[in-house]
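*Asks:* The structure that follows is given in the form of structure tokens.
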Amino acid sequence: MKRLIILFLSLFFFCSAYSQSADTTNYGRLKLRTETNYYDVVLDSLMTSTAQQAYDNFKNEFIDISLDGLSVEGTPDGVYDRRLRMLATEIQLPYNQVVKKYIEVYTKPSGIMSNVLGRGRGYFPIIEQYLFKYNLPMELKMLPVIESAMIPTARSRAGAVGLWQFMTSTGKAYGLEINSFVDERTDVEKASDAACRYLTDMYKMYGDWTLVIASYNCGSGNVNKAIKRAGGNVKDYWDIWPYLPRETRNYVPAFIAATYAYTFHRSYSLDPIPSPRALATDTVTIKRMMHLEQVSSTIDISLDELRGLNPQYSRDVVPAASKDYKLTLPQKYVGQFIENESTIYAKDTIYLTKYLANNNLSKEQVSNPKAISPRISYKVKSGDTLGRIASKHKVSVKQIQKWNNMKNTNLRVGQKLVIY
């Protein structure tokens with residue numbers, strides 16, 4: 001129950017903006033990746049219902065803000081204005097009564113910015129390295145705050161996924177792998193790299209960061225229409241503000257407010273809520289198809305922690321059949337993984353077969369790994385050894401011997417070997 005409460009509270013601070021015209025009304029439906037049984041069905045229903053209610057509550061209180069009856073209490077206008085002017089950035093962060101309303105919301109002691117501060121300790125350094133790589137304003141790191149509440153597994157009803165809320169088509173266009181086993185939109189590093197390239201392209205189009213931020217939310221098509229309706233002589237977002245979709249009219253003010261609240265959080269006694277993500281992590285290279293349970297059952301790390309660090313493996317399987325993949329681990333477990341690597345890989349017949357069986361493959365496919373593996377024919381060349389061939393194709397010598405009915409490791413030039 002404690003874990004459920006923590007999950008529900010973390011969902012509560014989601015912001016309603018989405019990228020590439022996605023719909024966020026279904027935000028908060030986190031997929032349960034557990035074995036299917038009656039208990040899990042009931043739990044899934046409970047969590048989905050509660051998460052949806054948490055989203056609705058948050059949207060009503062923090063996103064769909066009425067601009068009527070603006071508050072005159074709290075921090076004076078002059079202080080807001082002066083503080084925003086203190087921020088040296090290429091992005092225009094003007095102060096007005098619309099921005100004021102959002103600042104008042106984001107600086108409330110409601111846990112929103114405190115959650116952002118906690119999650120930011122793990123994610124901001126990753127995002128910042130890619131912003132630096134592409135020479136982009138560091139303040140753009142706040143986009144994932146208003147896109148996904150910095151939850152890497154966030155998924156909208158329209159299909160936008162991840163910290164940066166990429167749609168499938170846009171993600172693939174920027175080189176993200178998206179298939180049955182892998183969704184790199186939830187990979188913080190790769191998605192951040194793709195988002196920075198996307199933002200760079202949009203800046204080349206508009207030459208103004210407020211228009212770029214607006215286009216990230218509603219798409220360049222809607223921004224271009226708003227520019228035409230405004231008469232074409234447009235300098236920034238505020239010139240087209242009345243002609244944008246309602247959500248995008250809220251989007252840039254929310255971005256400015258989030259930037260303000262993050263920068264001046266100490267003035268409002270906002271402290272970070274600890275994030276479950278490990279701060280010190282490292283990666284290991286996976287060269288064979290592997291289920292995450294092979295790792296969690298061998299070294300001292302839970303399956304939930306592995307999933308949290310590697311959300312891109314949507315079915316808990318690292319599909320390293322034709323290429324290598326990376327697995328992120330807390331730094332303290334990397335040594336254990338290396339020491340037990342052979343044991344981990346040897347468990348594929350237990351955990352991987354179990355996974356395949358649960359996904360309705362035929363009995364032949366489950367009992368015969370050859371039936372689900374690509375087959376190649378290799379012609380032995382001068383100087384080849386069985387060990388070298390096995391290493392090149394990421395299989396073992398014994399496997400090659402078994403597949404080719406070889407009694408020893410002797411080879412002859414021109415000999416053809418079957419490798420799966």
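Identifiers in this document derive from the order of the structure tokens: chains are assigned A, B, ..., residues are numbered from 1 separately in each chain, and ligands are numbered from 1 in order of occurrence.
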List the neighbours of segment 228-242 of chain A out to 9 Å using only C-alpha atoms; skip same-chain residues closer than 5 positions along the sequence, and give me the result as a ChimeraX atom specification.
*Replies:* /A:92,206,208-214,223,248-249,252
*Asks:* Go ahead and save the residues from that selection, with C-alpha atoms, as a PDB file, in the first residue's frame.
*Replies:*
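File written: part14.pdb
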```pdb
ATOM      1  CA  GLN A  92      12.356  35.443 -23.829  1.00  0.00           C
ATOM      2  CA  TYR A 206      11.424  30.112 -36.601  1.00  0.00           C
ATOM      3  CA  ASP A 208      12.691  32.467 -31.890  1.00  0.00           C
ATOM      4  CA  TRP A 209      12.669  30.108 -28.930  1.00  0.00           C
ATOM      5  CA  THR A 210       9.145  30.953 -27.738  1.00  0.00           C
ATOM      6  CA  LEU A 211       7.791  29.953 -31.163  1.00  0.00           C
ATOM      7  CA  VAL A 212       9.913  26.790 -31.033  1.00  0.00           C
ATOM      8  CA  ILE A 213       8.492  25.892 -27.615  1.00  0.00           C
ATOM      9  CA  ALA A 214       4.948  26.531 -28.861  1.00  0.00           C
ATOM     10  CA  VAL A 223       2.044  27.673 -35.294  1.00  0.00           C
ATOM     11  CA  THR A 248      -0.624  26.025 -26.314  1.00  0.00           C
ATOM     12  CA  ARG A 249      -1.775  29.389 -24.947  1.00  0.00           C
ATOM     13  CA  VAL A 252       4.677  28.910 -22.779  1.00  0.00           C
TER      14      VAL A 252
END
```
*Asks:* If I take atom CA of Lys392 of chain A and atom CA of Ile286 of chain A, how far is one from the other in Å, to one decimal?
*Replies:*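 Computing the Euclidean distance for atom CA of Lys392 of chain A and atom CA of Ile286 of chain A yields 14.3 Å.
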*Asks:* Tell me, in Å to one decimal, how far atom CA of Leu352 of chain A is from atom CA of Ser180 of chain A.
*Replies:*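 One can read the atom CA of Leu352 of chain A to atom CA of Ser180 of chain A distance as 15.3 Å.
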*Asks:* Expressed in Å to a single decimal, how great is the separation between atom CA of Gln165 of chain A and atom CA of Ala195 of chain A?
*Replies:*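 Separation between atom CA of Gln165 of chain A and atom CA of Ala195 of chain A: 9.4 Å.
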*Asks:* Find the residue from A:Tyr325, A:Tyr351, A:Phe124, A:Phe337 that sits nearest to Met142 of chain A; use only C-alpha atoms when measuring.
*Replies:*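 The shortest atom-to-atom distance to Met142 of chain A comes from A:Phe124.
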*Asks:* Identify all residues of segment 156-347 of chain A in alpha helix (DSSP H) (DSSP on the backbone) and supply them as a ChimeraX atom specification.
*Replies:* /A:168-173,188-206,209-218,220-229,237-240,246-263,292-296,303-309,331-339,341-346
*Asks:* Which residues are close to Phe264 of chain A, i.e. within 12 Å by only C-alpha atoms, leaving aside same-chain residues fewer than 4 positions away? Reply as a ChimeraX atom specification.
*Replies:* /A:79-80,83-84,86-87,103,106-107,113,117,257-260,268-271
*Asks:* With N, CA and C atoms retained, write the just-selected residues as a CSV table (one decimal), in the first residue's frame.
*Replies:*
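For reference, selection18.csv as written:
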```csv
chain,number,residue,atom,x,y,z
A,79,VAL,N,8.8,42.2,-8.1
A,79,VAL,CA,9.7,41.1,-7.7
A,79,VAL,C,9.8,40.0,-8.8
A,80,TYR,N,8.6,39.6,-9.2
A,80,TYR,CA,8.5,38.6,-10.3
A,80,TYR,C,9.3,39.1,-11.5
A,83,ARG,N,13.1,39.3,-11.1
A,83,ARG,CA,13.7,38.0,-11.0
A,83,ARG,C,13.8,37.4,-12.4
A,84,LEU,N,12.8,37.5,-13.2
A,84,LEU,CA,12.8,36.9,-14.5
A,84,LEU,C,13.9,37.6,-15.4
A,86,MET,N,16.6,38.7,-14.3
A,86,MET,CA,17.9,38.3,-13.8
A,86,MET,C,18.4,37.1,-14.6
A,87,LEU,N,17.5,36.3,-15.2
A,87,LEU,CA,17.9,35.1,-15.9
A,87,LEU,C,18.5,35.4,-17.2
A,103,ILE,N,2.9,31.3,-12.3
A,103,ILE,CA,4.0,31.3,-11.2
A,103,ILE,C,3.4,31.1,-9.9
A,106,TYR,N,2.8,27.3,-9.6
A,106,TYR,CA,4.0,26.5,-9.5
A,106,TYR,C,4.9,26.7,-8.3
A,107,THR,N,4.6,27.8,-7.6
A,107,THR,CA,5.3,28.0,-6.3
A,107,THR,C,4.5,27.7,-5.1
A,113,MET,N,6.7,21.3,-7.6
A,113,MET,CA,8.1,21.7,-7.9
A,113,MET,C,9.0,20.9,-7.0
A,117,LEU,N,12.2,19.0,-8.5
A,117,LEU,CA,13.5,19.1,-7.9
A,117,LEU,C,14.2,17.8,-7.6
A,257,ALA,N,6.8,29.8,-16.0
A,257,ALA,CA,6.6,29.7,-14.5
A,257,ALA,C,7.4,28.5,-13.9
A,258,ALA,N,7.5,27.4,-14.7
A,258,ALA,CA,8.3,26.3,-14.2
A,258,ALA,C,9.8,26.7,-14.1
A,259,THR,N,10.3,27.5,-15.0
A,259,THR,CA,11.7,27.9,-15.0
A,259,THR,C,11.9,28.9,-13.8
A,260,TYR,N,10.9,29.7,-13.6
A,260,TYR,CA,11.0,30.7,-12.4
A,260,TYR,C,11.0,29.9,-11.1
A,268,TYR,N,10.7,30.1,-1.8
A,268,TYR,CA,9.4,29.6,-1.4
A,268,TYR,C,9.5,28.3,-0.5
A,269,SER,N,10.7,28.1,0.0
A,269,SER,CA,10.9,26.9,0.9
A,269,SER,C,10.4,25.6,0.3
A,270,LEU,N,10.7,25.5,-1.0
A,270,LEU,CA,10.4,24.2,-1.7
A,270,LEU,C,11.7,23.3,-1.7
A,271,ASP,N,11.5,22.2,-1.1
A,271,ASP,CA,12.6,21.2,-1.0
A,271,ASP,C,12.4,20.0,-1.9
```
*Asks:* Within 12 Å of Pro76 of chain A, counting only C-alpha atoms, which residues show up once you throw out same-chain ones fewer than 5 positions away? Write them as a CSV table (one decimal) with N, CA and C atoms, in the first residue's frame, please.
*Replies:*
```
chain,number,residue,atom,x,y,z
A,71,SER,N,-5.0,36.7,-8.8
A,71,SER,CA,-4.7,37.0,-7.4
A,71,SER,C,-3.9,38.3,-7.3
A,81,ASP,N,8.9,40.3,-11.9
A,81,ASP,CA,9.5,40.9,-13.1
A,81,ASP,C,11.0,41.0,-13.0
A,82,ARG,N,11.5,41.5,-11.9
A,82,ARG,CA,13.0,41.7,-11.7
A,82,ARG,C,13.7,40.3,-11.7
A,83,ARG,N,13.1,39.3,-11.1
A,83,ARG,CA,13.7,38.0,-11.0
A,83,ARG,C,13.8,37.4,-12.4
A,95,TYR,N,7.4,38.9,-18.2
A,95,TYR,CA,6.4,38.8,-17.1
A,95,TYR,C,5.1,39.6,-17.5
A,97,GLN,N,0.5,39.3,-16.7
A,97,GLN,CA,-0.5,38.7,-15.7
A,97,GLN,C,-0.9,37.2,-16.0
A,100,LYS,N,2.0,35.4,-14.4
A,100,LYS,CA,1.9,35.6,-12.9
A,100,LYS,C,1.0,34.4,-12.4
A,103,ILE,N,2.9,31.3,-12.3
A,103,ILE,CA,4.0,31.3,-11.2
A,103,ILE,C,3.4,31.1,-9.9
A,104,GLU,N,2.2,31.7,-9.6
A,104,GLU,CA,1.5,31.4,-8.3
A,104,GLU,C,1.2,30.0,-8.1
```
